[in-house]
file start-v8.csv (CSV, C-alpha atoms)
chain,number,residue,atom,x,y,z
A,14,MET,CA,-4.3,-16.1,6.5
A,15,GLU,CA,-6.0,-13.1,8.1
A,16,ASP,CA,-5.8,-10.0,5.9
A,17,PRO,CA,-4.6,-6.9,7.8
A,18,ASP,CA,-6.5,-4.8,5.3
A,19,ALA,CA,-9.8,-6.5,5.8
A,20,PRO,CA,-11.5,-3.8,8.1
A,21,LEU,CA,-10.6,-1.0,5.8
A,22,VAL,CA,-11.6,-3.0,2.7
A,23,ALA,CA,-15.0,-3.7,4.3
A,24,ARG,CA,-15.6,0.0,4.8
A,25,ALA,CA,-14.3,0.9,1.4
A,26,ARG,CA,-16.6,-1.7,-0.2
A,27,ARG,CA,-19.5,0.2,1.3
A,28,GLY,CA,-18.3,3.4,-0.5
A,29,ASP,CA,-16.2,4.9,2.3
A,30,ARG,CA,-13.7,7.0,0.4
A,31,TRP,CA,-11.7,7.8,3.5
A,32,ALA,CA,-11.2,4.1,4.1
A,33,PHE,CA,-10.0,3.6,0.5
A,34,GLU,CA,-7.6,6.5,0.9
A,35,GLN,CA,-6.0,4.7,3.9
A,36,LEU,CA,-5.6,1.7,1.6
A,37,VAL,CA,-4.0,3.9,-1.1
A,38,GLU,CA,-1.6,5.4,1.5
A,39,ARG,CA,-0.7,2.0,2.7
A,40,HIS,CA,0.0,0.4,-0.7
A,41,GLN,CA,1.0,3.1,-3.1
A,42,HIS,CA,4.7,2.8,-2.8
A,43,ARG,CA,4.7,-1.0,-3.1
A,44,LEU,CA,2.5,-0.7,-6.2
A,45,PHE,CA,4.8,2.0,-7.7
A,46,THR,CA,7.9,-0.1,-7.0
A,47,LEU,CA,6.2,-3.1,-8.8
A,48,ALA,CA,5.1,-1.0,-11.8
A,49,ALA,CA,8.4,1.0,-12.1
A,50,ARG,CA,10.6,-2.1,-11.8
A,51,THR,CA,8.6,-4.0,-14.3
A,52,LEU,CA,8.0,-1.2,-16.8
A,53,GLY,CA,11.4,0.6,-16.3
A,54,SER,CA,9.7,4.0,-16.7
A,55,VAL,CA,8.6,6.5,-14.0
A,56,ASP,CA,6.0,8.1,-16.1
A,57,GLU,CA,4.4,4.9,-17.2
A,58,ALA,CA,4.6,3.5,-13.7
A,59,GLY,CA,2.8,6.6,-12.3
A,60,ASP,CA,0.1,6.2,-14.9
A,61,ALA,CA,-0.3,2.5,-14.2
A,62,VAL,CA,-0.6,3.0,-10.4
A,63,GLN,CA,-3.2,5.8,-10.8
A,64,GLU,CA,-5.1,3.6,-13.2
A,65,ALA,CA,-4.8,0.6,-10.9
A,66,PHE,CA,-6.2,2.4,-7.9
A,67,ILE,CA,-9.2,3.7,-9.9
A,68,ARG,CA,-9.9,0.2,-11.2
A,69,ALA,CA,-9.6,-1.1,-7.6
A,70,TRP,CA,-12.0,1.5,-6.3
A,71,LEU,CA,-14.6,0.7,-9.0
A,72,GLY,CA,-14.0,-3.1,-8.7
A,73,LEU,CA,-14.2,-3.3,-4.9
A,74,PRO,CA,-17.7,-4.7,-4.8
A,75,ARG,CA,-16.4,-7.6,-6.8
A,76,PHE,CA,-13.6,-8.3,-4.4
A,77,ARG,CA,-14.8,-11.2,-2.1
A,78,GLY,CA,-11.6,-11.6,-0.1
A,79,GLY,CA,-10.6,-14.9,-1.7
A,80,SER,CA,-7.0,-13.6,-1.7
A,81,LEU,CA,-5.2,-10.9,0.3
A,82,PHE,CA,-6.3,-7.4,-0.8
A,83,SER,CA,-2.6,-6.7,-1.5
A,84,THR,CA,-2.4,-9.7,-3.9
A,85,TRP,CA,-5.6,-8.4,-5.6
A,86,LEU,CA,-4.0,-4.9,-6.0
A,87,TYR,CA,-0.8,-6.4,-7.4
A,88,ARG,CA,-2.9,-8.3,-10.0
A,89,ILE,CA,-4.6,-5.1,-11.0
A,90,THR,CA,-1.3,-3.2,-11.1
A,91,LEU,CA,0.3,-5.8,-13.3
A,92,ASN,CA,-2.6,-5.6,-15.7
A,93,ALA,CA,-2.5,-1.8,-15.8
A,94,ALA,CA,1.3,-2.0,-16.4
A,95,HIS,CA,0.7,-4.4,-19.2
A,96,ASP,CA,-1.8,-2.0,-20.8
A,97,GLN,CA,0.8,0.8,-20.4
A,98,ARG,CA,3.3,-1.3,-22.2
A,99,LEU,CA,0.9,-1.9,-25.1
A,100,LYS,CA,0.5,1.9,-25.5
A,101,ARG,CA,4.2,2.4,-25.6
A,102,ARG,CA,5.7,4.5,-28.4
A,103,PRO,CA,8.8,3.2,-30.2
A,104,GLU,CA,11.2,5.6,-28.5
A,105,PRO,CA,11.7,5.4,-24.7
A,106,LEU,CA,10.0,8.4,-22.9
A,107,ASP,CA,12.4,9.0,-20.1
A,108,GLU,CA,15.5,9.5,-22.1
A,109,THR,CA,14.4,12.7,-23.7
A,110,ARG,CA,12.1,14.3,-21.1
A,111,GLU,CA,13.2,16.4,-18.1
A,112,PRO,CA,11.5,15.2,-14.9
A,113,ALA,CA,8.6,17.4,-13.8
A,114,ASP,CA,9.5,17.6,-10.2
A,115,PRO,CA,12.3,16.5,-7.8
A,116,GLN,CA,10.5,13.4,-6.7
A,117,ASP,CA,10.2,12.3,-10.2
A,118,ALA,CA,13.9,13.0,-10.7
A,119,PHE,CA,14.8,10.8,-7.8
A,120,ALA,CA,12.7,8.0,-9.1
A,121,VAL,CA,14.2,8.4,-12.6
A,122,SER,CA,17.7,8.2,-11.1
A,123,GLU,CA,16.6,4.9,-9.3
A,124,LEU,CA,15.6,3.5,-12.7
A,125,SER,CA,18.9,4.5,-14.3
A,126,THR,CA,20.9,2.0,-12.2
A,127,ALA,CA,22.8,-1.0,-13.6
A,128,LEU,CA,20.2,-3.2,-11.8
A,129,GLN,CA,17.3,-1.6,-13.6
A,130,GLU,CA,19.1,-1.8,-17.0
A,131,ALA,CA,19.6,-5.5,-16.3
A,132,LEU,CA,16.0,-6.0,-15.2
A,133,ASN,CA,14.8,-4.3,-18.5
A,134,GLU,CA,16.7,-7.0,-20.4
A,135,LEU,CA,15.0,-9.9,-18.6
A,136,ASP,CA,12.0,-11.7,-20.1
A,137,GLU,CA,8.8,-10.3,-18.6
A,138,GLU,CA,7.9,-13.5,-16.8
A,139,TYR,CA,11.3,-13.6,-15.0
A,140,ARG,CA,11.3,-9.9,-14.3
A,141,VAL,CA,7.8,-10.1,-12.7
A,142,ALA,CA,8.8,-13.1,-10.6
A,143,VAL,CA,12.0,-11.7,-9.2
A,144,VAL,CA,10.5,-8.3,-8.4
A,145,LEU,CA,7.5,-9.9,-6.6
A,146,TYR,CA,9.7,-12.3,-4.7
A,147,ASP,CA,13.0,-10.5,-3.9
A,148,VAL,CA,11.9,-6.8,-4.0
A,149,LEU,CA,8.4,-7.0,-2.6
A,150,GLY,CA,8.7,-10.1,-0.5
A,151,CYS,CA,5.7,-12.0,-1.9
A,152,SER,CA,5.4,-15.7,-1.1
A,153,TYR,CA,5.6,-18.4,-3.8
A,154,SER,CA,1.8,-19.1,-3.4
A,155,GLU,CA,1.0,-15.4,-3.9
A,156,ILE,CA,3.1,-15.2,-7.0
A,157,ALA,CA,1.6,-18.5,-8.3
A,158,GLU,CA,-1.8,-17.0,-7.9
A,159,LEU,CA,-0.9,-13.7,-9.5
A,160,THR,CA,0.8,-15.2,-12.5
A,161,GLU,CA,-1.5,-18.2,-12.8
A,162,VAL,CA,1.3,-20.8,-12.8
A,163,ALA,CA,2.4,-23.6,-10.4
A,164,GLU,CA,4.6,-22.8,-7.5
A,165,GLY,CA,7.4,-25.0,-9.0
A,166,THR,CA,7.3,-22.7,-12.1
A,167,VAL,CA,7.5,-19.7,-9.8
A,168,LYS,CA,10.7,-21.0,-8.2
A,169,SER,CA,12.1,-21.9,-11.6
A,170,ARG,CA,11.4,-18.4,-12.9
A,171,ILE,CA,13.0,-16.8,-9.8
A,172,PHE,CA,16.1,-19.1,-10.2
A,173,ARG,CA,16.6,-18.3,-13.9
A,174,GLY,CA,15.7,-14.6,-13.5
A,175,ARG,CA,18.3,-14.1,-10.8
A,176,SER,CA,20.9,-16.1,-12.7
A,177,ARG,CA,20.4,-14.1,-15.9
A,178,LEU,CA,20.4,-10.9,-13.9
A,179,ALA,CA,23.8,-11.8,-12.5
A,180,GLU,CA,25.1,-12.4,-16.0
A,181,LEU,CA,23.7,-9.1,-17.2
A,182,LEU,CA,25.1,-7.2,-14.2
A,183,GLY,CA,28.5,-8.8,-14.9
A,184,THR,CA,28.3,-7.6,-18.5
A,185,THR,CA,27.3,-4.1,-17.4
A,186,ALA,CA,30.1,-3.9,-14.9
A,187,ALA,CA,32.6,-5.0,-17.5
A,188,GLU,CA,31.3,-2.3,-20.0
A,189,ASP,CA,31.4,0.4,-17.3
B,4,MET,CA,35.1,-37.0,-8.9
B,5,VAL,CA,31.8,-35.2,-8.5
B,6,ALA,CA,29.5,-36.6,-5.8
B,7,GLY,CA,26.1,-37.8,-7.2
B,8,THR,CA,24.2,-36.5,-10.2
B,9,HIS,CA,23.7,-32.7,-10.7
B,10,PRO,CA,20.8,-31.4,-8.7
B,11,ASP,CA,18.1,-29.8,-10.9
B,12,ASP,CA,17.2,-26.1,-10.9
B,13,LEU,CA,14.5,-26.4,-8.3
B,14,GLU,CA,16.8,-28.3,-5.9
B,15,LEU,CA,19.6,-25.7,-6.4
B,16,PHE,CA,17.1,-23.0,-5.7
B,17,ASP,CA,15.9,-24.7,-2.5
B,18,TYR,CA,19.6,-25.0,-1.6
B,19,VAL,CA,20.2,-21.3,-2.0
B,20,GLU,CA,17.0,-20.5,-0.1
B,21,GLY,CA,17.8,-22.9,2.7
B,22,ASP,CA,14.7,-24.9,2.1
B,23,LEU,CA,16.2,-28.4,1.7
B,24,THR,CA,15.8,-31.2,4.3
B,25,GLN,CA,18.9,-31.7,6.5
B,26,ALA,CA,19.7,-35.0,4.7
B,27,ARG,CA,19.4,-33.7,1.2
B,28,LEU,CA,21.2,-30.5,2.2
B,29,ALA,CA,24.4,-32.4,3.1
B,30,GLU,CA,24.3,-34.2,-0.3
B,31,VAL,CA,23.8,-31.1,-2.4
B,32,GLN,CA,26.4,-29.2,-0.3
B,33,ARG,CA,28.9,-31.9,-1.0
B,34,HIS,CA,28.0,-31.9,-4.7
B,35,VAL,CA,28.3,-28.1,-5.0
B,36,SER,CA,31.7,-28.1,-3.3
B,37,GLU,CA,33.0,-30.5,-5.9
B,38,CYS,CA,31.1,-29.4,-9.1
B,39,GLU,CA,32.3,-26.2,-10.6
B,40,ALA,CA,29.3,-25.8,-12.9
B,41,CYS,CA,26.8,-26.1,-10.0
B,42,ALA,CA,29.0,-23.9,-7.8
B,43,ASN,CA,28.9,-21.2,-10.5
B,44,GLN,CA,25.2,-21.5,-10.9
B,45,VAL,CA,24.7,-21.1,-7.2
B,46,ARG,CA,27.0,-18.0,-7.1
B,47,LYS,CA,25.1,-16.3,-9.9
B,48,VAL,CA,21.7,-16.9,-8.2
B,49,GLU,CA,23.1,-15.5,-5.0
B,50,ILE,CA,24.5,-12.4,-6.8
B,51,GLY,CA,21.1,-11.8,-8.5
B,52,ARG,CA,19.3,-12.2,-5.2
B,53,ASP,CA,21.6,-9.8,-3.4
B,54,ALA,CA,21.3,-7.2,-6.1
B,55,LEU,CA,17.5,-7.3,-6.0
B,56,ARG,CA,17.2,-7.3,-2.2
B,57,GLU,CA,19.6,-4.4,-1.8
B,58,SER,CA,17.6,-2.3,-4.3
B,59,GLN,CA,15.7,0.8,-2.9
B,60,PHE,CA,12.0,0.7,-2.4
B,61,MET,CA,10.6,3.4,-4.7
B,62,HIS,CA,8.2,6.1,-3.6
B,63,LEU,CA,5.2,7.2,-5.7
B,64,PRO,CA,5.7,10.9,-6.4
B,65,GLU,CA,3.3,12.9,-4.2
B,66,ARG,CA,1.5,14.6,-7.1
B,67,ARG,CA,0.6,11.1,-8.3
B,68,GLY,CA,-0.9,10.2,-5.0
B,69,GLU,CA,-2.9,13.4,-4.8
B,70,ALA,CA,-4.1,12.7,-8.4
B,71,VAL,CA,-5.5,9.3,-7.3
B,72,PHE,CA,-7.6,11.0,-4.6
B,73,MET,CA,-8.8,13.7,-6.9
B,74,ASN,CA,-9.7,11.4,-9.7
B,75,LEU,CA,-11.6,8.7,-7.8
B,76,PRO,CA,-14.9,8.6,-9.6
B,77,THR,CA,-18.2,8.3,-7.7
B,78,LYS,CA,-19.1,4.7,-7.9
B,79,ALA,CA,-22.3,2.7,-7.7
B,80,ARG,CA,-23.2,1.4,-4.3
B,81,GLU,CA,-22.7,-2.3,-3.6
B,82,PRO,CA,-25.9,-4.1,-4.6
B,83,GLY,CA,-28.1,-4.8,-1.6
B,84,ARG,CA,-26.2,-2.4,0.7
B,85,ARG,CA,-27.5,0.8,2.2
B,86,ARG,CA,-25.2,3.7,2.0
B,87,ALA,CA,-23.7,4.9,5.3
B,88,LEU,CA,-24.8,8.4,6.4
B,89,SER,CA,-22.2,11.1,6.2
B,90,PRO,CA,-21.4,12.9,9.5
B,91,LYS,CA,-23.5,15.9,8.4
B,92,GLN,CA,-26.5,13.7,7.5
B,93,LEU,CA,-26.1,11.9,10.8
B,94,LEU,CA,-26.1,15.2,12.6
B,95,ALA,CA,-29.3,16.3,10.7
B,96,VAL,CA,-31.0,13.1,11.8
B,97,LEU,CA,-29.8,13.1,15.4
B,98,THR,CA,-30.4,16.8,16.3
B,99,PRO,CA,-34.3,16.6,16.2
B,100,LEU,CA,-34.1,13.3,18.2
B,101,ILE,CA,-31.9,14.9,20.8
B,102,ALA,CA,-34.3,17.9,21.0
B,103,VAL,CA,-37.3,15.6,21.5
B,104,ALA,CA,-35.4,13.6,24.1
B,105,ALA,CA,-34.6,16.9,26.0
B,106,VAL,CA,-38.2,18.0,25.9
B,107,ILE,CA,-39.4,14.6,27.3
B,108,GLY,CA,-36.7,14.8,30.0
B,109,VAL,CA,-37.9,18.3,31.0
B,110,LEU,CA,-41.6,17.1,31.1
B,111,ALA,CA,-40.7,14.0,33.1
B,112,THR,CA,-38.7,15.8,35.7
B,113,ASP,CA,-41.2,18.7,35.9
B,114,GLY,CA,-43.7,16.3,37.4
B,115,PRO,CA,-44.7,16.6,41.1
B,116,GLY,CA,-41.7,17.7,43.2
B,117,GLY,CA,-39.3,17.8,40.2
B,118,ASP,CA,-36.6,20.4,39.7
B,119,GLY,CA,-37.3,21.3,36.1
B,120,SER,CA,-34.6,23.9,35.6
B,121,SER,CA,-31.7,21.7,36.6
B,122,ALA,CA,-32.8,18.7,34.6
B,123,GLY,CA,-33.3,20.9,31.6
B,124,ALA,CA,-29.9,22.4,31.9
B,125,THR,CA,-28.3,19.0,32.2
B,126,SER,CA,-30.0,17.7,29.1
B,127,ALA,CA,-29.2,20.8,27.1
B,128,GLY,CA,-25.6,20.6,28.2
B,129,GLY,CA,-25.4,17.0,27.1
B,130,GLY,CA,-27.0,17.8,23.8
B,131,SER,CA,-24.7,20.7,23.2
B,132,ALA,CA,-21.6,18.6,23.9
B,133,ALA,CA,-22.8,15.9,21.4
B,134,VAL,CA,-23.3,18.5,18.7
B,135,ASP,CA,-19.9,20.0,19.3
B,136,SER,CA,-18.2,16.7,19.1
B,137,SER,CA,-19.9,15.6,15.9
B,138,GLY,CA,-19.6,19.0,14.5
B,139,ALA,CA,-15.9,18.9,14.9
B,140,GLU,CA,-15.8,15.6,12.9
B,141,ALA,CA,-18.2,16.9,10.3
B,142,GLU,CA,-16.1,19.9,9.6
B,143,GLY,CA,-12.7,18.1,9.6
B,144,SER,CA,-11.1,15.8,7.1
B,145,ARG,CA,-9.9,12.5,8.4
B,146,LEU,CA,-6.5,11.5,7.3
B,147,ARG,CA,-4.8,8.1,7.4
B,148,THR,CA,-4.5,6.3,10.8
B,149,VAL,CA,-1.0,6.4,12.1
B,150,LEU,CA,1.1,4.6,14.7
B,151,GLY,CA,0.4,5.9,18.2
B,152,PRO,CA,0.0,6.5,21.0
B,153,ALA,CA,-2.1,9.6,20.4
B,154,SER,CA,-0.1,11.7,22.9
B,155,ALA,CA,3.2,10.9,20.9
B,156,VAL,CA,1.5,11.9,17.6
B,157,SER,CA,0.2,15.2,19.1
B,158,ASP,CA,3.6,16.0,20.7
B,159,GLU,CA,5.2,15.4,17.3
B,160,LEU,CA,2.7,17.7,15.5
B,161,ARG,CA,3.1,20.4,18.2
B,162,SER,CA,6.8,20.3,17.9
B,163,LYS,CA,6.3,21.0,14.2
B,164,GLY,CA,4.2,24.1,14.9
B,165,PHE,CA,0.6,22.6,14.6
B,166,SER,CA,-2.3,23.4,16.9
B,167,VAL,CA,-3.4,20.0,18.2
B,168,GLN,CA,-6.0,18.5,20.6
B,169,VAL,CA,-6.5,14.9,21.6
B,170,LEU,CA,-10.2,14.0,21.7
B,171,ASP,CA,-11.3,10.4,22.4
B,172,GLU,CA,-7.9,9.0,21.3
B,173,ARG,CA,-8.2,11.0,18.0
B,174,VAL,CA,-5.8,13.7,17.2
B,175,VAL,CA,-7.5,16.9,16.0
B,176,VAL,CA,-5.4,19.4,14.2
B,177,SER,CA,-6.7,22.9,13.7
B,178,GLY,CA,-5.8,25.6,11.2
B,179,ALA,CA,-3.8,23.4,8.9
B,180,THR,CA,-4.3,21.7,5.5
B,181,PRO,CA,-4.6,17.9,5.2
B,182,LYS,CA,-1.6,18.0,2.9
B,183,ALA,CA,0.6,19.8,5.4
B,184,VAL,CA,-0.4,17.3,8.2
B,185,ARG,CA,0.1,14.3,5.9
B,186,ARG,CA,3.6,15.6,5.1
B,187,ALA,CA,4.4,16.2,8.8
B,188,LEU,CA,3.5,12.6,9.6
B,189,ALA,CA,5.1,11.0,6.5
B,190,ASP,CA,7.6,9.1,8.5
B,191,ARG,CA,5.1,7.6,10.9
B,192,GLY,CA,3.9,4.1,10.0
B,193,PRO,CA,0.3,3.0,9.8
B,194,GLY,CA,-1.5,2.4,13.2
B,195,ASP,CA,-4.7,3.0,15.1
B,196,VAL,CA,-4.6,6.7,15.9
B,197,GLU,CA,-7.1,8.6,13.8
B,198,ILE,CA,-6.1,12.1,12.6
B,199,VAL,CA,-8.8,14.8,11.9
B,200,VAL,CA,-7.8,18.0,10.3
B,201,LYS,CA,-10.0,21.1,10.7
B,202,GLY,CA,-9.2,23.7,8.1
B,203,ARG,CA,-8.3,27.4,8.6

call {"tool": "encode", "arguments": {"input": "start-v8.csv", "output": "structure tokens"}}
result
Amino acid sequence: MEDPDAPLVARARRGDRWAFEQLVERHQHRLFTLAARTLGSVDEAGDAVQEAFIRAWLGLPRFRGGSLFSTWLYRITLNAAHDQRLKRRPEPLDETREPADPQDAFAVSELSTALQEALNELDEEYRVAVVLYDVLGCSYSEIAELTEVAEGTVKSRIFRGRSRLAELLGTTAAED
Amino acid sequence: MVAGTHPDDLELFDYVEGDLTQARLAEVQRHVSECEACANQVRKVEIGRDALRESQFMHLPERRGEAVFMNLPTKAREPGRRRALSPKQLLAVLTPLIAVAAVIGVLATDGPGGDGSSAGATSAGGGSAAVDSSGAEAEGSRLRTVLGPASAVSDELRSKGFSVQVLDERVVVSGATPKAVRRALADRGPGDVEIVVKGR
């Protein structure tokens, strides 16, 4: 499959910051959606995305185009999100802190929905699979590559993740 | 009486996604229509899928995006690769070459019967245009490329109060900040039209 990012990636690999900025503009919202939906925190997701782009910039010389650039970015973002989760303090950050600006407030409200509460309850492997497939539209093969499992396992995780999500949404609706 | 044995999870998933072969689809469809457990399972998977697909795409807060650009470290060059010249460095290299070319042009046309003054003027004019053109790029910041055509992008920016020129299919915005221009074009998707912003 031809990578639509290839021309910009080639320039960015030679140290062209402008080309890399185009790539940031192109992918930032998808990476933020991935991080926010899997972490359930706007602050942590913002930190993870910032960190992911810096790691990507520094790691570009090692990117050989064996996968789509977007898949490579998702992998880095999932790793950065995982690192954020390890740093997590016992109490959730977003419940006590006022959002710094209106855009943060909007994102926080997005993460306060019943859907996100249900996603937060899913096992991480199911959460990652359904967000990549149903929210970001990744293919089975991309998800298999990202999560290092077989395509059949990816399908099974999406199946079970969606099913559990529906049960949790039913519970949430009943409690509301 | 339920038709056939229960399909496994993968087969039910393929059924929901519409990925079964025609022959198997008919069998699973018949089974699901008669088996309450499988019908419930299919319903839950569809509810989960619809909830996820209807969710909003989230936008990285702008200050976070700006922070990425500001915090990008200077990195080591790719091994074995020569670093590309910046527009300013390129200008520094090209200017003496253009001057030498102009002098050679004057000497060549000042030969027997040549009109030195007009040839010199033409060369100098060409050199000057080249310097202006690269100078504009050297002074400006290039933003993301956006969906064109360039005339539509310039019309949009003009309607929002920007001073705009279209040069070689690039849109050059004068007297504005990159941030303001980026905001003004936030709704325009990625494309081939390059935006250059020349500061105040």

call {"tool": "atom_distance", "arguments": {"input": "start-v8.csv", "atom1": "atom CA of A:Arg27", "atom2": "atom CA of A:Leu73"}}
result
8.9 Å

call {"tool": "atom_distance", "arguments": {"input": "start-v8.csv", "atom1": "atom CA of A:Tyr153", "atom2": "atom CA of A:Ala65"}}
result
22.8 Å

call {"tool": "atom_distance", "arguments": {"input": "start-v8.csv", "atom1": "atom CA of A:Trp85", "atom2": "atom CA of B:Asn74"}}
result
20.6 Å

call {"tool": "interface_residues", "arguments": {"input": "start-v8.csv", "of": "chain A", "to": "chain B", "cutoff": "8 Å", "atoms": "all atoms listed in the file", "output": "CSV table (one decimal) with C-alpha atoms, in the coordinates of the input"}}
result
chain,number,residue,atom,x,y,z
A,26,ARG,CA,-16.6,-1.7,-0.2
A,27,ARG,CA,-19.5,0.2,1.3
A,28,GLY,CA,-18.3,3.4,-0.5
A,31,TRP,CA,-11.7,7.8,3.5
A,34,GLU,CA,-7.6,6.5,0.9
A,35,GLN,CA,-6.0,4.7,3.9
A,38,GLU,CA,-1.6,5.4,1.5
A,39,ARG,CA,-0.7,2.0,2.7
A,41,GLN,CA,1.0,3.1,-3.1
A,42,HIS,CA,4.7,2.8,-2.8
A,43,ARG,CA,4.7,-1.0,-3.1
A,45,PHE,CA,4.8,2.0,-7.7
A,46,THR,CA,7.9,-0.1,-7.0
A,59,GLY,CA,2.8,6.6,-12.3
A,63,GLN,CA,-3.2,5.8,-10.8
A,66,PHE,CA,-6.2,2.4,-7.9
A,67,ILE,CA,-9.2,3.7,-9.9
A,70,TRP,CA,-12.0,1.5,-6.3
A,71,LEU,CA,-14.6,0.7,-9.0
A,74,PRO,CA,-17.7,-4.7,-4.8
A,116,GLN,CA,10.5,13.4,-6.7
A,117,ASP,CA,10.2,12.3,-10.2
A,120,ALA,CA,12.7,8.0,-9.1
A,123,GLU,CA,16.6,4.9,-9.3
A,128,LEU,CA,20.2,-3.2,-11.8
A,143,VAL,CA,12.0,-11.7,-9.2
A,144,VAL,CA,10.5,-8.3,-8.4
A,147,ASP,CA,13.0,-10.5,-3.9
A,148,VAL,CA,11.9,-6.8,-4.0
A,165,GLY,CA,7.4,-25.0,-9.0
A,168,LYS,CA,10.7,-21.0,-8.2
A,169,SER,CA,12.1,-21.9,-11.6
A,172,PHE,CA,16.1,-19.1,-10.2
A,173,ARG,CA,16.6,-18.3,-13.9
A,174,GLY,CA,15.7,-14.6,-13.5
A,175,ARG,CA,18.3,-14.1,-10.8
A,176,SER,CA,20.9,-16.1,-12.7
A,177,ARG,CA,20.4,-14.1,-15.9
A,178,LEU,CA,20.4,-10.9,-13.9
A,179,ALA,CA,23.8,-11.8,-12.5
A,180,GLU,CA,25.1,-12.4,-16.0

call {"tool": "residues_around", "arguments": {"input": "start-v8.csv", "residues": "B:Tyr18", "least_positions_apart": "5", "cutoff": "8 Å", "atoms": "only C-alpha atoms", "output": "count of residues only"}}
result
3

call {"tool": "residues_around", "arguments": {"input": "start-v8.csv", "residues": "B:Pro181", "least_positions_apart": "2", "cutoff": "12 Å", "atoms": "all atoms listed in the file", "output": "MDAnalysis selection string"}}
result
chainID B and resid 69 143:147 165 175:179 183:189 198:203
